[in-house]
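Visitor: Structure provided below as structure tokens; questions to follow.
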Amino acid sequence: MKILFCDNALTSLLNFRSDVISYFLESGCEVVLVAPKIEKNRQMEKIVPAGCKVYTIEMEPASVNPLKDIAYFGRLLKIYRRESPDIVFHYTIKPNIYGTFAARLCRFKTVAMVAGLGYVFTGNSLLNKISCLLYKSMLLLSHKVISLNRRNYKLLLDRKFAKKKQMILFNGGEGVNLEQYSYKKSRFDSVTFLMVARILYDKGYNEYVEAARIVKNKYPDTKFKLLGPLDVVSPMGVPEEVVNKDVANGLIEYMGITNNVQAIMEHPNVVSVLPSYHEGLSRSLMEACAMGKPIITTNIPGCRETVDNEVNGFLVAVKKADSLAEAMIRFIELPKEKKLAMSKASHKKALKEFDVNNVLIQYRDIVDELLEKR
């Protein structure tokens, strides 16, 4: 059996789905990865699991040029015909649209994952409307559509982007390897807030920086760290000069990117923060839970699933820096024993809800069902 995974970044495939890829390889399957050919992928290729075949192709995730998109579709079609996989899993908007079309033309089984309903779903421009129409058409052509939270699951059905027989809900998102992201005992001799995300405005960048400003007025020694890649192609990307200015003003510490998030997350004083506007089910928050970190995040689908409010963290209002700052100050002022109790509660929640082994079972069930219908 041959399985192909298509995403808009090799980093996403390897960071989010390495356990799934390894599972199928260990099951004796052939695995093919397809992702855009961009400079940073050259380093990522070095950590591709042994036995995978990798295609890096030309594709611009944020381009609105139809000629470039048609060329991307043509490249996918050529690869799909050459590889002739039994099933293709697609992730993110352009692979879901053009990859699904290519797979259906070749009469392959195809699965689309809709991780989050981002700006394409929320905007009102002509481009948004066209993108939504394309997306809807291709999701309806998919054999299965995976959603990572109940609200998005319902929204896709209500807006007729998919039929109920197509839909699959991953209750625990894409899961976390609980051995890789193991529990680390906290101390909280001080407090360091850590935001792990792509540097986008809709991940709550402005709110995080403004909350840092508010908190530092009262607790000036509190640390605010930011870890993740700058995104120069997304319309929501925060310019590097903006980040540099906030660093120069002493509000945040920008840590860049790393292939070892655990080494930073395991610090005994870390609290994980994500003031995002929309998520599928936040990977960084699930990882933080697994390592026993208290969580402060927005009360939205895809984030709220990681927090039992006031048990392992706090839920705050979306797009409200003052609400975020208030929760941070509340945490700082908690007795140490309460902080440590929140840490243990996060790990307990991860054990119960976010084990990647449950996700592997769901992938296996999808493959078995689709191949039975051939």
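Residue numbering restarts at 1 for every chain of the structure tokens, chains are lettered A, B, ... in their displayed order, and ligands are numbered from 1 as they appear.
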When DSSP works through the backbone of this structure, what residues of segment 29-239 of chain A end up as helix (DSSP H, G or I), shown as JSON, numbers by chain?

Guide: {"A": [41, 42, 43, 44, 45, 46, 47, 66, 67, 68, 69, 70, 71, 72, 73, 74, 75, 76, 77, 78, 79, 80, 81, 82, 83, 93, 94, 95, 96, 97, 98, 99, 100, 101, 102, 103, 104, 105, 119, 120, 121, 122, 126, 127, 128, 129, 130, 131, 132, 133, 134, 135, 136, 137, 138, 139, 140, 141, 150, 151, 152, 153, 154, 155, 156, 157, 158, 201, 202, 203, 205, 206, 207, 208, 209, 210, 211, 212, 213, 214, 215, 216, 217, 218]}

Visitor: Would you list the contacts of segment 233-245 of chain A as a CSV table (one decimal) with C-alpha atoms, in the first residue's frame, taking every protein, DNA or RNA residue within 12 Å and counting only C-alpha atoms, but skipping same-chain residues closer than 4 positions in sequence?

Guide:
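Heads up, here's the output in selection-v4.csv:
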```
chain,number,residue,atom,x,y,z
A,38,ILE,CA,11.5,26.5,-0.3
A,59,MET,CA,4.2,26.5,-4.9
A,60,GLU,CA,3.5,29.8,-3.2
A,61,PRO,CA,1.0,29.3,-0.4
A,62,ALA,CA,-0.2,33.0,-0.3
A,63,SER,CA,-0.1,33.7,-4.1
A,64,VAL,CA,-3.3,34.8,-5.7
A,118,GLY,CA,-8.7,31.0,8.8
A,119,TYR,CA,-8.9,34.3,7.0
A,120,VAL,CA,-10.3,32.7,3.8
A,123,GLY,CA,-13.2,37.7,4.9
A,197,ALA,CA,3.4,30.1,17.1
A,198,ARG,CA,4.0,31.4,13.7
A,199,ILE,CA,4.5,35.2,14.0
A,200,LEU,CA,1.1,36.3,12.7
A,201,TYR,CA,-1.3,39.0,13.8
A,202,ASP,CA,-4.2,36.5,14.0
A,203,LYS,CA,-2.2,34.4,16.4
A,204,GLY,CA,-2.6,37.3,18.8
A,205,TYR,CA,0.8,38.9,18.4
A,206,ASN,CA,-0.4,42.5,19.2
A,208,TYR,CA,0.7,39.4,23.5
A,209,VAL,CA,2.9,42.4,23.2
A,225,LYS,CA,9.3,35.0,25.2
A,226,LEU,CA,8.2,34.4,21.6
A,227,LEU,CA,9.2,31.3,19.6
A,228,GLY,CA,8.3,30.6,16.0
A,229,PRO,CA,9.0,31.5,12.4
A,249,ASN,CA,11.7,48.3,23.6
A,250,GLY,CA,12.2,45.4,26.1
A,251,LEU,CA,8.7,44.0,25.8
A,252,ILE,CA,9.4,40.6,24.4
A,253,GLU,CA,12.4,38.3,23.7
A,254,TYR,CA,12.2,36.8,20.2
A,255,MET,CA,13.8,33.4,20.1
A,256,GLY,CA,13.6,32.6,16.4
A,277,TYR,CA,-8.2,34.3,16.9
```

Visitor: Which one of A:Leu230, A:Cys132, A:Cys6, A:Ile366 sits closest to Met167 of chain A if you count only C-alpha atoms?

Guide: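 Once distances to Met167 of chain A are computed over only C-alpha atoms, the minimum belongs to A:Ile366.
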
Visitor: Which is closer to Ala212 of chain A than all the others in A:Met291, A:Ala321, A:Ile300, A:Leu134, using only C-alpha atoms?

Guide: A:Ala321

Visitor: Would you mind listing what lies within 12 Å of Gly74 of chain A as a compact mmCIF listing (two decimals) with C-alpha atoms, in the first residue's frame, with only C-alpha atoms counted and same-chain residues fewer than 6 positions away left out?

Guide:
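Now in part37.txt:
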```txt
# COMPACT_ATOMS: atom_id res chain seq x y z
CA ILE A 57 7.83 21.37 -5.79
CA GLU A 58 7.21 24.99 -6.74
CA MET A 59 4.23 26.48 -4.89
CA LEU A 67 -1.42 30.97 -13.48
CA LYS A 68 0.88 29.96 -10.62
CA TYR A 80 0.23 11.67 -8.53
CA ARG A 81 0.17 9.89 -11.88
CA TYR A 98 -5.64 21.50 -6.13
CA GLY A 99 -4.44 18.22 -4.65
CA PHE A 101 -8.81 17.82 -7.83
CA ALA A 102 -5.65 16.08 -9.07
CA ALA A 103 -6.34 12.98 -6.97
CA LEU A 105 -8.89 13.06 -11.79
```

Visitor: How many Å separate atom CA of Pro301 of chain A from atom CA of Ser276 of chain A?

Guide: 10.1 Å
